[in-house]
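Here's run-v5.cif, which has mmCIF, C-alpha atoms:
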```
data_data
#
loop_
_atom_site.label_atom_id
_atom_site.label_comp_id
_atom_site.auth_asym_id
_atom_site.auth_seq_id
_atom_site.Cartn_x
_atom_site.Cartn_y
_atom_site.Cartn_z
CA MET A 199 13.87 4.13 -23.66
CA SER A 200 13.41 7.87 -24.35
CA GLU A 201 15.90 9.81 -26.40
CA VAL A 202 15.55 12.68 -23.91
CA VAL A 203 14.14 12.77 -20.39
CA ILE A 204 13.43 16.20 -18.90
CA ILE A 205 13.00 16.55 -15.14
CA GLY A 206 10.58 19.39 -14.49
CA ALA A 207 7.43 20.38 -16.39
CA GLY A 208 7.73 24.10 -15.77
CA VAL A 209 8.17 26.69 -18.46
CA ILE A 210 11.91 25.90 -18.86
CA GLY A 211 11.39 22.17 -19.30
CA THR A 212 8.44 22.53 -21.67
CA ALA A 213 10.18 25.27 -23.68
CA THR A 214 13.23 23.05 -24.12
CA ALA A 215 11.06 20.17 -25.28
CA HIS A 216 9.35 22.54 -27.72
CA ALA A 217 12.72 23.58 -29.14
CA LEU A 218 13.79 19.94 -29.47
CA VAL A 219 10.56 19.13 -31.30
CA GLN A 220 11.31 22.00 -33.70
CA ARG A 221 14.59 20.21 -34.43
CA GLY A 222 12.80 16.92 -35.11
CA ILE A 223 13.34 15.26 -31.71
CA THR A 224 9.99 13.94 -30.43
CA ASP A 225 11.02 10.90 -28.37
CA ILE A 226 10.90 12.98 -25.20
CA THR A 227 9.54 12.20 -21.75
CA ILE A 228 8.92 15.05 -19.30
CA LEU A 229 8.62 14.05 -15.66
CA ASP A 230 7.18 16.20 -12.90
CA ARG A 231 6.62 15.32 -9.28
CA ASP A 232 3.41 17.36 -9.33
CA SER A 233 1.85 18.86 -12.46
CA VAL A 234 2.65 21.11 -15.41
CA GLY A 235 3.58 24.60 -14.20
CA SER A 236 3.04 23.75 -10.52
CA GLY A 237 6.44 24.95 -9.30
CA GLY A 238 8.05 28.34 -9.74
CA THR A 239 6.39 28.82 -13.14
CA GLY A 240 2.95 29.14 -11.61
CA LYS A 241 4.19 31.72 -9.10
CA SER A 242 5.85 34.06 -11.61
CA ALA A 243 4.86 37.72 -11.73
CA GLY A 244 5.12 37.27 -15.49
CA ILE A 245 6.98 40.48 -16.37
CA ILE A 246 8.36 40.49 -19.91
CA ARG A 247 11.23 42.87 -20.71
CA CYS A 248 14.64 43.05 -22.36
CA HIS A 249 16.13 45.62 -19.97
CA TYR A 250 19.27 43.76 -18.89
CA GLY A 251 22.90 44.81 -18.64
CA VAL A 252 24.27 41.36 -19.49
CA THR A 253 24.20 41.19 -23.28
CA SER A 254 23.43 37.47 -23.47
CA ILE A 255 20.46 37.86 -21.09
CA ALA A 256 19.05 40.85 -22.99
CA ALA A 257 19.42 38.87 -26.22
CA LEU A 258 17.65 35.84 -24.72
CA ALA A 259 14.80 38.11 -23.60
CA LEU A 260 14.56 39.68 -27.06
CA CYS A 261 14.47 36.28 -28.75
CA SER A 262 11.85 35.09 -26.25
CA ARG A 263 9.62 38.08 -26.92
CA GLU A 264 9.16 36.88 -30.50
CA PHE A 265 7.59 33.74 -29.04
CA PHE A 266 5.30 35.67 -26.69
CA GLU A 267 4.15 37.94 -29.50
CA ASN A 268 3.35 35.00 -31.77
CA ALA A 269 2.39 32.32 -29.25
CA ALA A 270 -1.14 31.79 -30.56
CA GLU A 271 0.29 30.86 -33.95
CA ILE A 272 3.21 28.85 -32.55
CA VAL A 273 1.40 26.75 -29.92
CA GLY A 274 -2.19 27.23 -31.04
CA THR A 275 -3.59 29.11 -28.06
CA ASP A 276 -3.43 32.45 -26.26
CA ILE A 277 -0.97 32.62 -23.34
CA GLY A 278 -2.14 35.91 -21.84
CA PHE A 279 0.62 38.23 -23.07
CA GLU A 280 -0.37 41.87 -22.48
CA GLN A 281 2.05 44.07 -24.43
CA VAL A 282 1.51 47.23 -22.39
CA GLY A 283 5.17 48.25 -22.43
CA TYR A 284 7.90 48.28 -19.79
CA LEU A 285 8.90 51.51 -18.02
CA VAL A 286 12.05 52.06 -15.94
CA GLY A 287 12.74 55.10 -13.78
CA VAL A 288 16.09 55.88 -12.13
CA GLY A 289 17.48 58.47 -9.74
CA ALA A 290 20.44 60.76 -10.39
CA ASP A 291 22.95 58.25 -9.00
CA ASN A 292 22.03 55.68 -11.67
CA VAL A 293 21.77 57.84 -14.79
CA GLU A 294 25.24 56.94 -16.08
CA PRO A 295 24.89 53.13 -15.93
CA PHE A 296 21.27 53.45 -17.10
CA ARG A 297 22.20 55.24 -20.31
CA ALA A 298 25.14 52.91 -20.94
CA SER A 299 22.85 49.91 -20.54
CA LEU A 300 20.27 51.43 -22.89
CA ALA A 301 22.97 51.93 -25.52
CA ASN A 302 24.03 48.32 -25.18
CA GLN A 303 20.44 47.09 -25.42
CA ARG A 304 19.87 49.14 -28.58
CA SER A 305 23.07 47.74 -30.10
CA ILE A 306 21.50 44.26 -30.17
CA GLY A 307 18.11 45.40 -31.46
CA VAL A 308 16.07 46.20 -28.35
CA GLU A 309 13.74 49.15 -28.91
CA THR A 310 14.03 51.27 -25.78
CA LEU A 311 13.43 55.01 -25.62
CA GLU A 312 14.61 57.52 -23.02
CA ILE A 313 11.60 59.66 -22.11
CA GLY A 314 10.84 62.51 -19.72
CA HIS A 315 8.58 63.23 -16.77
CA ALA A 316 5.74 64.67 -18.85
CA GLU A 317 5.48 61.52 -20.96
CA VAL A 318 5.53 59.27 -17.92
CA LYS A 319 2.83 61.37 -16.24
CA GLU A 320 0.56 60.58 -19.17
CA LEU A 321 1.23 56.85 -18.71
CA TRP A 322 0.93 56.82 -14.89
CA PRO A 323 -1.05 59.98 -13.96
CA THR A 324 -1.41 58.93 -10.30
CA ALA A 325 2.37 58.65 -9.77
CA HIS A 326 4.72 60.96 -7.89
CA LEU A 327 7.73 61.43 -10.20
CA ASP A 328 9.81 64.27 -8.76
CA ASP A 329 12.52 61.99 -7.31
CA PHE A 330 13.34 60.41 -10.68
CA ALA A 331 16.09 61.76 -12.93
CA THR A 332 15.02 60.05 -16.14
CA PHE A 333 13.08 57.14 -17.60
CA CYS A 334 13.01 54.71 -20.48
CA LEU A 335 10.12 52.97 -22.18
CA GLU A 336 10.42 49.60 -23.89
CA PRO A 337 7.22 49.46 -25.98
CA GLY A 338 7.51 45.74 -26.67
CA GLY A 339 7.51 44.73 -23.01
CA GLY A 340 4.59 43.89 -20.76
CA TYR A 341 3.52 40.84 -18.81
CA GLY A 342 2.26 37.34 -19.40
CA ASP A 343 1.08 34.25 -17.56
CA GLY A 344 3.70 31.64 -16.72
CA TYR A 345 1.20 28.91 -15.87
CA ALA A 346 -0.81 29.46 -19.06
CA THR A 347 2.38 29.43 -21.11
CA ALA A 348 3.56 26.11 -19.66
CA GLN A 349 0.12 24.59 -20.18
CA ALA A 350 -0.03 25.80 -23.79
CA LEU A 351 3.43 24.39 -24.48
CA ALA A 352 2.45 21.08 -22.86
CA THR A 353 -0.69 20.78 -24.99
CA SER A 354 1.31 21.45 -28.13
CA LEU A 355 3.98 18.94 -27.10
CA ARG A 356 1.45 16.18 -26.53
CA GLY A 357 0.20 16.82 -30.06
CA HIS A 358 3.70 16.04 -31.31
CA GLY A 359 3.93 12.79 -29.39
CA VAL A 360 5.88 14.00 -26.36
CA THR A 361 5.08 12.10 -23.16
CA ILE A 362 4.37 14.21 -20.06
CA ARG A 363 4.08 12.26 -16.82
CA GLN A 364 2.66 14.21 -13.91
CA GLY A 365 2.92 12.94 -10.36
CA ALA A 366 6.16 11.20 -11.33
CA ALA A 367 8.74 12.28 -8.78
CA VAL A 368 12.35 11.58 -9.70
CA ALA A 369 14.41 10.10 -6.86
CA ALA A 370 17.77 9.75 -8.61
CA ILE A 371 19.67 10.15 -11.84
CA VAL A 372 21.07 6.81 -12.99
CA SER A 373 24.56 6.61 -14.47
CA ASP A 374 27.02 4.06 -15.76
CA GLY A 375 30.45 5.43 -15.04
CA ASP A 376 30.60 8.93 -16.45
CA LYS A 377 27.50 8.57 -18.63
CA VAL A 378 23.86 8.98 -17.61
CA THR A 379 21.52 6.16 -18.56
CA GLY A 380 18.20 7.41 -17.21
CA VAL A 381 16.38 8.31 -14.02
CA LYS A 382 14.83 6.40 -11.15
CA LEU A 383 11.41 7.41 -9.89
CA ALA A 384 10.34 7.53 -6.27
CA ASP A 385 8.30 4.34 -6.77
CA GLY A 386 11.38 2.48 -7.99
CA GLU A 387 10.65 2.56 -11.72
CA VAL A 388 13.66 3.27 -13.91
CA VAL A 389 13.11 5.39 -17.01
CA PRO A 390 16.01 4.80 -19.42
CA ALA A 391 17.27 7.76 -21.47
CA GLY A 392 20.14 8.73 -23.70
CA THR A 393 20.02 12.34 -22.49
CA VAL A 394 18.76 13.76 -19.19
CA LEU A 395 18.01 17.45 -18.63
CA VAL A 396 17.55 18.70 -15.08
CA ALA A 397 15.16 21.68 -15.10
CA ALA A 398 13.66 21.36 -11.65
CA GLY A 399 14.50 24.76 -10.19
CA PRO A 400 15.32 24.70 -6.46
CA TRP A 401 14.46 20.99 -6.35
CA SER A 402 17.44 20.18 -8.59
CA MET A 403 20.22 20.14 -5.98
CA PRO A 404 19.46 16.80 -4.24
CA LEU A 405 19.24 15.08 -7.62
CA LEU A 406 22.73 16.20 -8.62
CA SER A 407 24.61 16.06 -5.34
CA PRO A 408 24.92 12.22 -5.33
CA LEU A 409 26.76 12.56 -8.66
CA GLY A 410 29.26 14.96 -7.12
CA ILE A 411 27.68 17.99 -8.80
CA GLU A 412 27.15 20.69 -6.20
CA LEU A 413 25.01 23.47 -7.58
CA PRO A 414 25.73 26.96 -6.19
CA ILE A 415 22.03 27.62 -5.77
CA ALA A 416 20.22 29.02 -2.74
CA PRO A 417 16.44 28.59 -2.56
CA ALA A 418 14.86 31.91 -1.62
CA PHE A 419 11.37 32.87 -0.48
CA VAL A 420 9.86 35.73 -2.52
CA GLN A 421 6.90 37.87 -1.49
CA GLU A 422 4.64 40.09 -3.58
CA VAL A 423 1.71 42.22 -2.49
CA VAL A 424 -1.44 42.98 -4.47
CA ILE A 425 -3.15 46.32 -3.83
CA ASP A 426 -6.64 47.25 -4.99
CA PRO A 427 -6.35 50.95 -5.97
CA GLY A 428 -10.08 51.59 -5.64
CA MET A 429 -10.13 53.23 -9.07
CA ASP A 430 -9.65 52.38 -12.73
CA LEU A 431 -6.01 52.90 -13.69
CA GLY A 432 -6.39 51.55 -17.21
CA ALA A 433 -3.53 49.58 -18.74
CA PRO A 434 -0.30 51.49 -18.03
CA PRO A 435 3.11 49.91 -18.68
CA VAL A 436 4.83 47.70 -16.16
CA PHE A 437 6.78 50.15 -13.98
CA SER A 438 10.24 49.31 -12.61
CA ASP A 439 10.88 51.97 -9.98
CA LEU A 440 14.62 51.99 -9.27
CA VAL A 441 14.34 54.84 -6.79
CA SER A 442 11.94 53.16 -4.36
CA MET A 443 13.27 49.77 -5.58
CA GLN A 444 9.97 48.20 -6.46
CA TYR A 445 8.09 47.02 -9.53
CA VAL A 446 4.39 47.18 -10.23
CA HIS A 447 2.04 46.09 -12.93
CA MET A 448 -1.71 45.96 -13.31
CA ARG A 449 -3.44 42.61 -13.32
CA GLY A 450 -7.21 42.35 -13.32
CA GLY A 451 -7.50 46.00 -12.26
CA GLU A 452 -5.24 45.52 -9.25
CA MET A 453 -1.60 46.51 -8.69
CA LEU A 454 0.95 43.74 -8.12
CA PHE A 455 4.01 45.03 -6.24
CA GLY A 456 7.37 43.36 -5.82
CA ASN A 457 10.71 44.36 -4.34
CA SER A 458 13.59 45.21 -6.72
CA SER A 459 16.28 45.55 -4.06
CA GLY A 460 16.15 41.96 -2.91
CA GLN A 461 16.12 43.14 0.69
CA GLY A 462 13.23 42.16 2.94
CA SER A 463 11.04 40.33 0.42
CA VAL A 464 13.64 37.73 -0.67
CA ARG A 465 14.75 35.43 2.13
CA PRO A 466 16.77 32.17 2.12
CA VAL A 467 14.92 28.95 2.93
CA THR A 468 16.38 25.53 3.66
CA ASP A 469 13.53 23.54 2.10
CA PRO A 470 11.85 24.83 -1.09
CA ASP A 471 8.66 23.04 -0.04
CA VAL A 472 8.43 24.81 3.32
CA TYR A 473 7.69 28.52 3.23
CA PRO A 474 4.82 30.83 4.25
CA ASN A 475 1.86 31.02 1.87
CA HIS A 476 1.28 34.66 2.80
CA ALA A 477 3.62 37.66 2.83
CA THR A 478 4.92 38.75 6.20
CA ASN A 479 3.51 41.79 7.95
CA GLU A 480 6.89 43.49 7.53
CA ALA A 481 6.81 42.97 3.75
CA ILE A 482 3.23 44.22 3.51
CA GLU A 483 4.00 47.33 5.56
CA ALA A 484 7.14 48.11 3.54
CA THR A 485 5.26 47.66 0.27
CA ALA A 486 2.38 49.85 1.42
CA GLU A 487 4.77 52.61 2.48
CA LYS A 488 6.62 52.61 -0.83
CA ALA A 489 3.41 52.29 -2.85
CA MET A 490 1.81 55.28 -1.12
CA HIS A 491 4.93 57.36 -1.72
CA ARG A 492 4.99 56.48 -5.40
CA PHE A 493 1.24 56.61 -6.09
CA PRO A 494 -0.32 59.30 -3.89
CA GLY A 495 -3.03 59.84 -6.48
CA ILE A 496 -4.83 56.54 -5.97
CA GLU A 497 -8.15 57.09 -4.23
CA ASP A 498 -8.86 54.27 -1.78
CA PRO A 499 -6.03 51.71 -1.75
CA ARG A 500 -6.19 48.51 0.25
CA VAL A 501 -4.19 45.31 0.34
CA SER A 502 -6.16 42.72 -1.58
CA THR A 503 -3.95 39.64 -1.26
CA THR A 504 -0.34 38.52 -1.32
CA SER A 505 1.64 36.02 -3.35
CA THR A 506 4.64 33.96 -2.30
CA GLY A 507 6.95 31.47 -3.96
CA VAL A 508 10.49 30.10 -4.04
CA ILE A 509 13.17 30.94 -6.59
CA ASP A 510 16.58 29.35 -7.20
CA LEU A 511 19.23 32.04 -6.76
CA THR A 512 22.76 31.70 -8.11
CA PRO A 513 25.69 33.81 -6.84
CA ASP A 514 25.50 36.08 -9.91
CA ASN A 515 21.70 36.00 -10.23
CA ASN A 516 22.01 34.42 -13.69
CA PRO A 517 21.06 30.93 -14.88
CA ILE A 518 23.09 27.79 -15.29
CA ILE A 519 22.53 26.31 -18.75
CA SER A 520 25.26 23.79 -19.12
CA ALA A 521 26.65 20.42 -20.00
CA THR A 522 28.25 18.49 -17.13
CA ASP A 523 31.14 16.05 -16.69
CA TYR A 524 28.61 13.26 -17.24
CA ALA A 525 27.94 12.48 -20.89
CA GLY A 526 24.30 13.09 -21.69
CA LEU A 527 23.54 15.13 -18.54
CA TYR A 528 22.55 18.79 -18.95
CA LEU A 529 21.33 21.56 -16.65
CA ALA A 530 18.87 24.41 -17.05
CA VAL A 531 18.58 25.70 -13.49
CA GLY A 532 19.25 28.72 -11.29
CA MET A 533 16.87 31.09 -13.06
CA SER A 534 16.97 33.43 -10.04
CA GLY A 535 13.37 34.54 -10.56
CA HIS A 536 13.87 35.60 -14.17
CA GLY A 537 13.18 32.37 -16.03
CA PHE A 538 9.75 33.07 -17.48
CA LYS A 539 10.64 36.08 -19.64
CA THR A 540 13.64 34.27 -21.13
CA ALA A 541 12.21 30.74 -21.17
CA PRO A 542 11.48 30.35 -24.90
CA ALA A 543 15.05 31.32 -25.80
CA ILE A 544 16.53 29.33 -22.91
CA GLY A 545 14.65 26.34 -24.29
CA ARG A 546 16.24 26.93 -27.69
CA LEU A 547 19.68 27.51 -26.15
CA THR A 548 19.41 24.29 -24.13
CA ALA A 549 18.23 22.28 -27.13
CA GLU A 550 21.08 23.61 -29.23
CA LEU A 551 23.56 22.87 -26.47
CA ILE A 552 22.32 19.27 -26.33
CA LEU A 553 22.32 18.78 -30.09
CA ASP A 554 25.15 21.03 -31.29
CA GLY A 555 27.20 22.11 -28.30
CA GLU A 556 26.73 25.78 -29.24
CA THR A 557 23.93 28.24 -29.96
CA THR A 558 22.80 30.20 -33.00
CA ILE A 559 20.79 32.77 -31.04
CA PRO A 560 22.12 36.22 -32.04
CA ASN A 561 24.31 37.94 -29.42
CA VAL A 562 24.16 34.99 -27.01
CA LYS A 563 27.29 33.19 -25.82
CA ALA A 564 26.47 29.71 -24.56
CA SER A 565 29.66 29.73 -22.48
CA ASP A 566 28.30 32.62 -20.41
CA PHE A 567 26.00 30.16 -18.64
CA ARG A 568 28.41 27.28 -18.01
CA LEU A 569 28.38 25.74 -14.56
CA SER A 570 32.16 25.98 -14.25
CA ARG A 571 32.13 29.81 -14.19
CA PHE A 572 31.54 29.79 -10.44
CA ALA A 573 34.57 27.62 -9.67
CA GLU A 574 36.58 29.72 -12.11
CA GLY A 575 35.56 32.96 -10.39
CA ASP A 576 34.23 34.29 -13.68
CA LEU A 577 30.75 35.39 -12.65
CA LEU A 578 28.27 36.67 -15.22
CA VAL A 579 27.60 40.22 -14.08
CA SER A 580 26.40 43.40 -15.73
CA PRO A 581 28.99 46.06 -16.57
CA TYR A 582 26.25 48.63 -15.90
CA VAL A 583 25.49 48.16 -12.22
CA TYR A 584 22.51 50.05 -10.78
CA LYS A 585 23.14 51.14 -7.20
CA GLY A 586 20.71 49.52 -4.79
CA ALA A 587 19.14 47.13 -7.29
CA MET A 588 19.45 43.36 -7.45
CA GLY A 589 22.44 42.09 -9.40
CA ILE A 590 20.24 40.69 -12.19
CA ARG A 591 20.21 44.17 -13.74
#
```

Would you kindly transcribe this structure into structure tokens?
Amino acid sequence: MSEVVIIGAGVIGTATAHALVQRGITDITILDRDSVGSGGTGKSAGIIRCHYGVTSIAALALCSREFFENAAEIVGTDIGFEQVGYLVGVGADNVEPFRASLANQRSIGVETLEIGHAEVKELWPTAHLDDFATFCLEPGGGYGDGYATAQALATSLRGHGVTIRQGAAVAAIVSDGDKVTGVKLADGEVVPAGTVLVAAGPWSMPLLSPLGIELPIAPAFVQEVVIDPGMDLGAPPVFSDLVSMQYVHMRGGEMLFGNSSGQGSVRPVTDPDVYPNHATNEAIEATAEKAMHRFPGIEDPRVSTTSTGVIDLTPDNNPIISATDYAGLYLAVGMSGHGFKTAPAIGRLTAELILDGETTIPNVKASDFRLSRFAEGDLLVSPYVYKGAMGIR
């Protein structure tokens, strides 16, 4: 029998196990139907930033950044964090919520600076900037590698005696009355456990539905487009363009573009295992049009490749990190495409919820992420809404 069984060996599951180990809990078994980081973790764009309007989310991101900055010391290997900074640009219609959000971020310790067009031109000299009203730069932001992070955490966990079973698909959560007692694998094996954490992203719903727990999660297909600029652009900051509603960062000399509006590149799917492995022509054309508007100075751009994946969207675009009505059963799901940058702190929050029922992370309210908020109509939304952007802001 394991003290804790975690379903899902992505960055959320491994980060939670890491936090439990830090608290002295090592009798942990992590189960994954495929392999470490093979789900949404391995598809992440990897952007790291604290620019959020929801205080608890910004605080989770800030806490997580400490891990990314010190990962080599913490887990013993490099995880590919490139601290190039995080830049946001907004139009005139979003200046008011933008500045209010910046003030809130600063109030909890996020270093974020409002800067002007001339400063941004030095960072992104090929960009067209006339349609922006103002910008901010978060020097501590950047991007990392979700897959490398999960693998590094897994290696560290094994060194502490944690069992990670790959190719071990979970078919059901086993309970005795209102208490979980373990999980049943697809091959019929039962793995007993005192505590079960479901951290399986969009694959979590069918595991919980037989227990009467209906997760308000919609699997969604996400598309990103990689453009070769045909020139050396150096290492500029990740750029969140909230006029064209796109984000871009350099990776291996190429530009990875994603959609910040949620329209067009994020589409519902019925089965998280069935989606195209290439972006649609419509998404590629829309990305190319917006990219050429924003970066007219690039010499010879061409689409290099595309990337697709599935995320687990909640109605308020924020995660569910929660106990349930079953003793010993916990959830860390519904990351809505923003799990990687907050994963180290979500792991700590989840571990503290399991062990203490509350969290000690500064400026984070564990109750913000409770499952019951949806039934209560108390959604977790930013008070500083950016027009046109996804609700996660």

Just say which residues the PyMOL selection byres ((chain A and resi 515-528) around 8) picks in this file, as a ChimeraX atom specification. /A:376-378,392-396,511-514,529-534,544,548,551-552,564,567-569,578,589-590

Given the point (9.0, 55.3, -23.8) in the coordinates of this file, which residues lie within 12 Å, counting only C-alpha atoms, and how would they look as a PyMOL selection string? chain A and resi 282-287+300+309-321+332-339+434-437

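When all atoms listed in the file are used to measure the gap to Ala298 (chain A), the shortest distance among A:Phe493, A:Trp322, A:Tyr250, A:Phe330 belongs to A:Tyr250.
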
Considering all atoms listed in the file, can you say which of A:Pro474, A:Gly235, A:Pro581, A:Pro542 comes closest to Leu260 (chain A)? A:Pro542

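Those residues returned by the PyMOL selection byres ((chain A and resi 239) around 9) for this file are Gly208, Val209, Ile210, Val234, Gly235, Ser236, Gly237, Gly238, Gly240, Lys241, Ser242, Gly244, Asp343, Gly344, Tyr345, Thr347, Ala348, Gly537 and Phe538 of chain A.
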
Ref. answer, residues at most 6 Å from (14.5, 8.5, -13.4) with all atoms listed in the file, as a list in words: Val368, Ala370, Ile371, Gly380, Val381, Lys382, Leu383, Val388 and Val389 of chain A

Separation of CA of Arg221 (chain A) from CA of Ala270 (chain A), in Å and rounded to one decimal: 19.9 Å

Contact residues around Leu258 (chain A) with only C-alpha atoms at 8 Å, ignoring same-chain residues under 4 positions, as an MDAnalysis selection string: chainID A and resid 254 262 540 543:544 559 562

Would you kindly return, as a VMD selection string, each protein, DNA or RNA residue with an atom no farther than 8 Å from any atom of region 302-308 of chain A, considering all atoms listed in the file and excluding same-chain residues fewer than 6 positions away? chain A and resid 248 to 251 253 256 to 257 260 336 561
